[in-house]
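For reference, work.csv (CSV, C-alpha atoms and all ligand atoms):
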```csv
chain,number,residue,atom,x,y,z
H,1,MET,CA,18.0,10.0,14.6
H,2,ILE,CA,18.0,9.4,10.8
H,3,GLU,CA,21.4,8.8,9.3
H,4,PHE,CA,22.3,8.8,5.6
H,5,ASN,CA,25.7,7.4,4.8
H,6,ASN,CA,26.6,7.6,1.1
H,7,VAL,CA,23.1,6.8,0.2
H,8,GLU,CA,22.3,6.2,-3.4
H,9,LYS,CA,19.1,5.2,-5.2
H,10,VAL,CA,19.1,4.0,-8.8
H,11,TYR,CA,15.7,2.9,-10.1
H,12,PRO,CA,15.5,-0.3,-12.2
H,13,ASN,CA,15.3,1.8,-15.4
H,14,GLY,CA,18.6,3.4,-14.6
H,15,THR,CA,17.4,6.8,-13.2
H,16,GLU,CA,19.8,7.9,-10.5
H,17,ALA,CA,17.4,9.6,-8.1
H,18,LEU,CA,19.7,10.0,-5.1
H,19,LYS,CA,23.5,10.4,-5.2
H,20,GLU,CA,26.0,10.3,-2.3
H,21,ILE,CA,23.6,11.5,0.4
H,22,ASN,CA,25.4,12.1,3.7
H,23,LEU,CA,23.6,13.8,6.5
H,24,HIS,CA,21.8,13.1,9.8
H,25,ILE,CA,18.5,14.4,11.2
H,26,ASP,CA,18.2,14.6,15.0
H,27,LYS,CA,15.2,13.8,17.1
H,28,GLY,CA,12.8,16.6,17.2
H,29,GLU,CA,13.9,18.5,14.1
H,30,PHE,CA,11.4,19.9,11.6
H,31,VAL,CA,13.1,19.5,8.2
H,32,ALA,CA,11.7,20.6,4.8
H,33,ILE,CA,13.0,19.1,1.6
H,34,ILE,CA,12.9,21.5,-1.3
H,35,GLY,CA,13.9,21.3,-5.0
H,36,LEU,CA,12.6,21.2,-8.5
H,37,SER,CA,10.1,18.6,-9.5
H,38,GLY,CA,12.0,15.4,-10.3
H,39,ALA,CA,15.0,16.4,-8.0
H,40,GLY,CA,14.6,13.4,-5.8
H,41,LYS,CA,12.5,14.7,-2.8
H,42,SER,CA,9.9,12.0,-2.8
H,43,THR,CA,12.5,9.3,-3.2
H,44,PHE,CA,14.5,10.8,-0.3
H,45,ILE,CA,11.4,10.6,2.0
H,46,ARG,CA,10.3,7.1,0.8
H,47,CYS,CA,13.7,5.6,1.4
H,48,ILE,CA,13.5,6.5,5.1
H,49,ASN,CA,10.6,4.2,5.7
H,50,ARG,CA,11.6,1.6,3.1
H,51,MET,CA,8.9,2.3,0.7
H,52,HIS,CA,11.8,2.3,-1.7
H,53,ASP,CA,15.0,0.3,-1.2
H,54,ILE,CA,18.3,2.2,-1.4
H,55,THR,CA,20.8,0.8,-3.9
H,56,GLY,CA,24.0,2.0,-2.3
H,57,GLY,CA,25.3,3.2,1.1
H,58,LYS,CA,23.5,2.8,4.5
H,59,LEU,CA,20.5,4.3,6.0
H,60,HIS,CA,19.9,4.1,9.8
H,61,VAL,CA,16.9,5.2,11.8
H,62,ASP,CA,17.5,5.1,15.6
H,63,GLU,CA,20.4,2.6,15.1
H,64,ILE,CA,18.2,0.4,12.9
H,65,ASN,CA,19.7,-0.5,9.6
H,66,VAL,CA,16.6,0.1,7.4
H,67,GLY,CA,17.9,-1.9,4.5
H,68,ALA,CA,18.2,-5.0,6.6
H,69,LEU,CA,14.6,-5.1,7.8
H,70,LYS,CA,12.3,-7.9,6.7
H,71,GLY,CA,8.6,-8.8,6.9
H,72,LYS,CA,7.2,-8.2,10.4
H,73,ALA,CA,10.1,-6.0,11.4
H,74,ILE,CA,9.3,-3.6,8.6
H,75,ARG,CA,5.7,-3.3,9.8
H,76,LYS,CA,6.9,-2.7,13.3
H,77,PHE,CA,9.4,-0.1,12.1
H,78,ARG,CA,6.7,1.7,10.1
H,79,ARG,CA,4.6,2.2,13.3
H,80,LYS,CA,7.4,4.4,14.6
H,81,VAL,CA,7.8,6.2,11.2
H,82,GLY,CA,4.4,7.5,10.2
H,83,MET,CA,3.7,8.7,6.7
H,84,ILE,CA,1.4,11.4,5.4
H,85,PHE,CA,0.5,11.7,1.7
H,86,GLN,CA,-0.8,14.4,-0.5
H,87,SER,CA,-3.9,12.4,-1.3
H,88,PHE,CA,-4.6,11.7,2.4
H,89,ASN,CA,-5.2,7.9,1.8
H,90,LEU,CA,-8.4,7.7,3.7
H,91,VAL,CA,-11.5,5.5,3.3
H,92,ASN,CA,-14.0,8.1,2.2
H,93,ARG,CA,-17.3,6.4,3.0
H,94,THR,CA,-16.6,5.5,6.6
H,95,THR,CA,-16.3,7.6,9.7
H,96,VAL,CA,-13.4,9.7,10.8
H,97,LEU,CA,-12.9,7.6,13.9
H,98,LYS,CA,-12.8,4.4,12.0
H,99,ASN,CA,-10.1,5.9,9.7
H,100,VAL,CA,-8.0,6.7,12.7
H,101,LEU,CA,-8.6,3.3,14.3
H,102,VAL,CA,-7.0,1.7,11.2
H,103,ALA,CA,-3.7,2.7,12.8
H,104,PHE,CA,-4.2,-0.2,15.3
H,105,ALA,CA,-5.1,-2.8,12.7
H,106,PRO,CA,-1.6,-4.3,12.6
H,107,ASP,CA,-1.8,-4.9,16.4
H,108,ASN,CA,-5.2,-6.7,16.4
H,109,PRO,CA,-6.0,-10.3,15.5
H,110,PHE,CA,-7.2,-10.7,12.0
H,111,TRP,CA,-10.8,-11.3,13.0
H,112,ARG,CA,-10.9,-8.1,14.9
H,113,THR,CA,-9.8,-6.1,11.9
H,114,LEU,CA,-12.5,-7.8,9.8
H,115,THR,CA,-15.3,-7.1,12.3
H,116,GLY,CA,-13.9,-3.7,13.1
H,117,ILE,CA,-13.8,-4.3,16.8
H,118,TYR,CA,-11.3,-2.2,18.6
H,119,THR,CA,-10.5,-2.1,22.3
H,120,LYS,CA,-11.7,0.8,24.6
H,121,ALA,CA,-8.1,1.9,25.0
H,122,GLN,CA,-7.6,2.1,21.3
H,123,LYS,CA,-10.8,4.1,20.9
H,124,ARG,CA,-9.7,6.5,23.6
H,125,GLN,CA,-6.3,6.9,21.9
H,126,ALA,CA,-7.9,7.5,18.5
H,127,LEU,CA,-10.2,10.2,20.0
H,128,GLU,CA,-7.2,11.8,21.8
H,129,ALA,CA,-5.4,12.0,18.4
H,130,LEU,CA,-8.4,13.7,16.8
H,131,ASP,CA,-8.4,16.2,19.7
H,132,GLN,CA,-4.8,16.9,19.1
H,133,VAL,CA,-5.5,18.1,15.6
H,134,GLY,CA,-8.7,19.9,16.6
H,135,ILE,CA,-11.4,17.8,14.9
H,136,LEU,CA,-12.7,15.7,17.8
H,137,ASP,CA,-16.2,17.0,17.0
H,138,LYS,CA,-16.0,15.4,13.6
H,139,ALA,CA,-15.3,11.8,14.9
H,140,TYR,CA,-18.6,10.3,13.8
H,141,MET,CA,-18.8,12.1,10.5
H,142,ARG,CA,-18.0,10.4,7.2
H,143,VAL,CA,-14.7,11.4,5.7
H,144,ASN,CA,-16.3,12.5,2.5
H,145,GLN,CA,-18.3,15.1,4.4
H,146,LEU,CA,-15.1,16.9,5.4
H,147,SER,CA,-13.1,19.6,3.6
H,148,GLY,CA,-9.6,18.8,2.2
H,149,GLY,CA,-7.9,20.3,5.2
H,150,GLN,CA,-10.0,18.4,7.7
H,151,GLN,CA,-9.2,15.2,5.8
H,152,GLN,CA,-5.5,15.9,6.0
H,153,ARG,CA,-6.0,16.3,9.7
H,154,VAL,CA,-7.7,12.9,9.9
H,155,ALA,CA,-4.6,11.5,8.2
H,156,LEU,CA,-2.4,13.3,10.7
H,157,ALA,CA,-4.5,12.0,13.6
H,158,ARG,CA,-4.3,8.4,12.3
H,159,THR,CA,-0.5,8.8,12.2
H,160,LEU,CA,-0.4,10.3,15.7
H,161,ALA,CA,-2.5,7.4,17.1
H,162,GLN,CA,0.5,5.1,16.1
H,163,GLU,CA,2.6,7.2,18.5
H,164,PRO,CA,5.3,7.7,16.0
H,165,ASP,CA,8.8,9.1,16.7
H,166,ILE,CA,9.1,10.4,13.1
H,167,ILE,CA,6.5,11.7,10.7
H,168,LEU,CA,7.3,11.7,7.0
H,169,ALA,CA,5.1,13.9,4.9
H,170,ASP,CA,5.1,13.8,1.1
H,171,GLU,CA,3.7,17.1,-0.2
H,172,PRO,CA,1.0,17.2,2.5
H,173,ILE,CA,-0.5,20.6,1.4
H,174,ALA,CA,-0.1,20.2,-2.3
H,175,SER,CA,-3.9,19.8,-2.9
H,176,LEU,CA,-5.1,22.3,-0.3
H,177,ASP,CA,-6.0,26.0,-0.6
H,178,PRO,CA,-3.8,28.6,1.1
H,179,VAL,CA,-5.8,29.2,4.3
H,180,THR,CA,-6.2,25.4,4.9
H,181,SER,CA,-2.6,24.8,4.1
H,182,LYS,CA,-1.6,27.3,6.8
H,183,ARG,CA,-3.7,25.5,9.4
H,184,VAL,CA,-2.3,22.2,8.5
H,185,MET,CA,1.2,23.5,8.6
H,186,LYS,CA,0.5,25.0,12.0
H,187,ASP,CA,-0.7,21.6,13.2
H,188,PHE,CA,2.6,20.0,12.0
H,189,ALA,CA,4.6,22.7,13.8
H,190,ARG,CA,2.7,22.3,17.0
H,191,ILE,CA,3.0,18.5,16.9
H,192,ASN,CA,6.7,18.8,16.3
H,193,LYS,CA,7.2,21.1,19.2
H,194,GLU,CA,4.7,19.7,21.7
H,195,LEU,CA,5.2,16.0,21.1
H,196,ASP,CA,8.9,16.2,20.0
H,197,ILE,CA,8.1,14.2,16.9
H,198,THR,CA,10.7,14.6,14.2
H,199,ILE,CA,9.1,15.8,10.9
H,200,VAL,CA,10.6,15.4,7.5
H,201,MET,CA,8.4,17.0,4.9
H,202,ASN,CA,8.6,17.4,1.1
H,203,ILE,CA,7.2,20.7,0.1
H,204,HIS,CA,6.8,22.5,-3.2
H,205,HIS,CA,6.0,25.9,-1.7
H,206,VAL,CA,9.3,27.5,-0.9
H,207,GLU,CA,8.0,30.3,1.3
H,208,VAL,CA,5.9,27.9,3.4
H,209,ALA,CA,8.9,25.6,3.9
H,210,LEU,CA,11.0,28.7,5.1
H,211,GLU,CA,8.3,29.8,7.4
H,212,TYR,CA,7.5,26.6,9.2
H,213,ALA,CA,10.5,24.3,9.0
H,214,ASP,CA,13.7,24.9,11.1
H,215,ARG,CA,16.0,23.2,8.6
H,216,ILE,CA,16.0,23.1,4.9
H,217,ILE,CA,17.6,20.4,2.7
H,218,GLY,CA,17.8,21.5,-0.9
H,219,ILE,CA,18.1,18.7,-3.4
H,220,ARG,CA,19.1,19.2,-7.0
H,221,ALA,CA,19.4,16.3,-9.5
H,222,GLY,CA,19.6,13.8,-6.6
H,223,LYS,CA,22.3,15.7,-4.7
H,224,VAL,CA,22.1,17.7,-1.5
H,225,VAL,CA,23.1,21.3,-2.5
H,226,TYR,CA,22.0,23.1,0.6
H,227,ASP,CA,21.6,21.8,4.2
H,228,GLY,CA,21.1,24.4,6.8
H,229,LYS,CA,18.9,26.7,8.8
H,230,ALA,CA,15.7,28.0,7.1
H,231,SER,CA,16.6,31.4,8.4
H,232,MET,CA,19.9,31.3,6.4
H,233,VAL,CA,18.2,30.6,3.0
H,234,ASP,CA,18.7,33.6,0.8
H,235,GLU,CA,18.4,34.4,-2.9
H,236,GLY,CA,21.7,32.8,-3.6
H,237,VAL,CA,20.8,29.5,-2.0
H,238,LEU,CA,17.5,29.4,-3.8
H,239,LYS,CA,19.3,30.0,-7.1
H,240,LEU,CA,21.6,27.1,-6.3
H,241,ILE,CA,18.8,24.8,-5.5
H,242,TYR,CA,16.6,25.8,-8.5
H,243,GLU,CA,19.3,26.8,-10.9
H,244,GLY,CA,18.5,26.1,-14.5
H,245,ASP,CA,14.8,26.7,-13.8
H,246,VAL,CA,14.3,30.2,-12.5
H,247,GLU,CA,10.9,30.0,-14.0
H,248,GLU,CA,9.8,27.2,-11.8
H,249,LEU,CA,11.3,29.0,-8.8
H,250,ASN,CA,9.3,32.1,-9.6
H,251,PHE,CA,6.2,30.0,-10.0
H,252,ALA,CA,6.8,28.2,-6.7
H,253,ARG,CA,7.2,31.6,-5.0
H,254,GLU,CA,4.4,33.4,-6.8
H,255,GLU,CA,1.8,30.9,-5.8
H,256,ASN,CA,3.0,31.2,-2.3
H,257,LYS,CA,2.1,34.7,-1.6
H,258,ASP,CA,-1.2,33.7,-0.1
H,259,TYR,CA,0.2,30.8,1.9
H,260,VAL,CA,2.3,32.7,4.4
H,261,GLY,CA,1.9,35.3,7.1
D,301,LIG,P1,10.6,14.8,-6.7
D,301,LIG,O1,9.9,14.2,-5.5
D,301,LIG,O2,11.6,15.8,-6.3
D,301,LIG,O3,9.7,15.3,-7.7
D,301,LIG,P2,11.2,12.0,-7.3
D,301,LIG,O4,11.9,11.5,-6.1
D,301,LIG,O5,9.8,11.7,-7.5
D,301,LIG,O6,11.4,13.6,-7.4
D,301,LIG,O7,12.0,11.5,-8.6
D,301,LIG,C1,13.4,11.6,-8.8
D,301,LIG,C2,13.7,11.0,-10.1
D,301,LIG,O8,13.5,9.6,-10.1
D,301,LIG,C3,13.0,11.6,-11.3
D,301,LIG,O9,13.8,11.6,-12.4
D,301,LIG,C4,11.8,10.6,-11.5
D,301,LIG,O10,11.4,10.5,-12.8
D,301,LIG,C5,12.5,9.3,-11.1
D,301,LIG,N1,11.6,8.3,-10.5
D,301,LIG,C6,10.8,8.4,-9.5
D,301,LIG,N2,10.1,7.3,-9.2
D,301,LIG,C7,10.6,6.4,-10.1
D,301,LIG,C8,10.3,5.0,-10.4
D,301,LIG,N3,9.4,4.3,-9.6
D,301,LIG,N4,10.9,4.4,-11.4
D,301,LIG,C9,11.8,5.1,-12.2
D,301,LIG,N5,12.1,6.4,-12.0
D,301,LIG,C10,11.5,7.0,-11.0
```
Kindly transcribe the structure held in the file into structure tokens.
Amino acid sequence: MIEFNNVEKVYPNGTEALKEINLHIDKGEFVAIIGLSGAGKSTFIRCINRMHDITGGKLHVDEINVGALKGKAIRKFRRKVGMIFQSFNLVNRTTVLKNVLVAFAPDNPFWRTLTGIYTKAQKRQALEALDQVGILDKAYMRVNQLSGGQQQRVALARTLAQEPDIILADEPIASLDPVTSKRVMKDFARINKELDITIVMNIHHVEVALEYADRIIGIRAGKVVYDGKASMVDEGVLKLIYEGDVEELNFAREENKDYVG
């Protein structure tokens, strides 16, 4: 469970990115965070795994006070809270399998990481993760030979190999075409349901968020202005979240036509 209690985030330059956030996310939920660009979505996600420090309130993940974690404990914590980025964060010139095996690097002695020697069990686990996202046949290809969607699946497999309880995804489909986006979103939905992994995803495409996520958190200027079922989001809710920028909402919806269905 992820628990926000009066969470605030003020960046050193004075920007108040999150204000009085109070909510909890249960195990197994699929949550999409939506809002205008600059609303605080990315900050929200990055505070959960301590990529950013909160500056007020308390944030707990499975009873762990995230703000109190230090050094090794942060690394251990991040194994349970996987992160997926828009840019995939892969090593392009090496194989898919090696990119997934990186998930085990923190467990191995330093010399093993250097020489790239992983145990048989780790290899098996990495191959299983690739199978879970349907790209086992690509294991020995180089990452730069794959399409964008396949690369995002490699990133997803790398995260799965860590056996996370939670996956945070920061705009995971932002650089993918509509057809590929749909496939990747289906992977997320399947992983969420089959493996009971909590997913918290930042997403620009409103209709995609409504189609795949169960719960929507709408953030506007650092505040939660909607928190409820995706099926309950109507025109009024969208106006509330995107108010002041109907143009951006129309844009976010217009480009979505091809992403759903
Ligand atoms: P979103 O993901 O919704 O686009 P962000 O969480 O990235 O929004 O940003 C929220 C606000 O915080 C914005 O005003 C942004 O300019 C600001 N911000 C984000 N990162 C930093 C940073 N490292 N330093 C200062 N301000 C930041």
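Across H:Ala157, H:Asp234, H:Asp196, H:Gly148, the tightest approach to Pro178 of chain H is made by H:Gly148 when counting only C-alpha atoms.
We find atom CA of Glu29 of chain H and atom CA of Asn192 of chain H to be spaced 7.5 Å apart.
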**Request:** Go through H:Lys229, H:Lys27, H:Lys186, H:Lys41 one by one, measure the shortest atom-to-atom distance of each to Tyr212 of chain H using all atoms listed in the file, and give the residue with the smallest value.
**Result:** H:Lys186
**Message:** What residues of the protein or nucleic acid chains come within 6 Å of ligand LIG 301 (chain D) when you use all atoms listed in the file? Reply as a VMD selection string.
**Reply:** chain H and resid 11 13 15 17 36 to 43
Please report, as a Markdown table, each residue of segment 30-99 of chain H lying at most 12 Å from segment 167-177 of chain H, together with the nearest pair of atoms and the separation in Å rounded to one decimal; use all atoms listed in the file, and order rows by chain and ascending residue number.
```
| residue | atom | partner | partner_atom | distance |
| --- | --- | --- | --- | --- |
| H:Phe30 | CA | H:Ile167 | CA | 9.6 |
| H:Val31 | CA | H:Leu168 | CA | 9.8 |
| H:Ala32 | CA | H:Ala169 | CA | 9.4 |
| H:Ile33 | CA | H:Asp170 | CA | 9.5 |
| H:Ile34 | CA | H:Glu171 | CA | 10.3 |
| H:Ser37 | CA | H:Glu171 | CA | 11.4 |
| H:Gly40 | CA | H:Asp170 | CA | 11.7 |
| H:Lys41 | CA | H:Asp170 | CA | 8.4 |
| H:Ser42 | CA | H:Asp170 | CA | 6.4 |
| H:Thr43 | CA | H:Asp170 | CA | 9.7 |
| H:Phe44 | CA | H:Asp170 | CA | 10.0 |
| H:Ile45 | CA | H:Leu168 | CA | 6.6 |
| H:Arg46 | CA | H:Leu168 | CA | 8.3 |
| H:Cys47 | CA | H:Leu168 | CA | 10.5 |
| H:Ile48 | CA | H:Leu168 | CA | 8.3 |
| H:Asn49 | CA | H:Leu168 | CA | 8.3 |
| H:Arg50 | CA | H:Leu168 | CA | 11.6 |
| H:Met51 | CA | H:Leu168 | CA | 11.4 |
| H:Arg78 | CA | H:Ile167 | CA | 10.0 |
| H:Arg79 | CA | H:Ile167 | CA | 10.0 |
| H:Lys80 | CA | H:Ile167 | CA | 8.3 |
| H:Val81 | CA | H:Ile167 | CA | 5.7 |
| H:Gly82 | CA | H:Ile167 | CA | 4.7 |
| H:Met83 | CA | H:Leu168 | CA | 4.7 |
| H:Ile84 | CA | H:Ala169 | CA | 4.5 |
| H:Phe85 | CA | H:Asp170 | CA | 5.1 |
| H:Gln86 | CA | H:Pro172 | CA | 4.5 |
| H:Ser87 | CA | H:Ser175 | CA | 7.6 |
| H:Phe88 | CA | H:Pro172 | CA | 7.8 |
| H:Asn89 | CA | H:Pro172 | CA | 11.2 |
```
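When all atoms listed in the file are used to measure the gap to Ala161 of chain H, the shortest distance among H:Ala209, H:Ile216, H:Val100, H:Ile191 belongs to H:Val100.
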**Message:** List as a PyMOL selection string the protein and nucleic acid residues near segment 58-62 of chain H, meaning an atom at most 9 Å away when all atoms listed in the file are counted, but skip any in the same chain fewer than 4 places from it.
**Reply:** chain H and resi 1-8+47-49+54+66-67
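Atom CA of Leu146 of chain H is found 14.8 Å from atom CA of Ser181 of chain H.
From atom CA of Pro164 of chain H back to atom CA of Val102 of chain H, the distance works out to 14.5 Å.
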**Prompt:** Which residues come within 9 Å of Leu101 of chain H, counting all atoms listed in the file, excluding same-chain residues fewer than 5 positions away, as a ChimeraX atom specification?
**Reply:** /H:96,116,118,122-123,125-126,158,161
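Nearest to Val206 of chain H of all the residues H:Gly228, H:Gly134, H:Gly149, H:Gly35 is H:Gly35, counting all atoms listed in the file.
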**Request:** Name the closest residue to Gly56 of chain H among the candidates H:Arg75, H:Ala68, H:Val10, H:Asp187; distances are taken between atoms, counting all atoms listed in the file.
**Result:** H:Val10
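Nearest residue to His24 of chain H, choosing from H:Asp107, H:Glu194, H:Glu235, H:Glu63 and counting all atoms listed in the file: H:Glu63.
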List the spatial neighbours of Arg142 of chain H as a compact mmCIF listing (two decimals) with C-alpha atoms, in the frame of the given file - criterion: any atom at most 7 Å away, all atoms listed in the file, same-chain residues fewer than 2 positions off excluded.
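Output saved as selection.txt:
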```
# COMPACT_ATOMS: atom_id res chain seq x y z
CA ASN H 92 -14.00 8.10 2.20
CA ARG H 93 -17.30 6.40 3.00
CA THR H 94 -16.60 5.50 6.60
CA THR H 95 -16.30 7.60 9.70
CA VAL H 96 -13.40 9.70 10.80
CA TYR H 140 -18.60 10.30 13.80
CA ASN H 144 -16.30 12.50 2.50
CA GLN H 145 -18.30 15.10 4.40
```
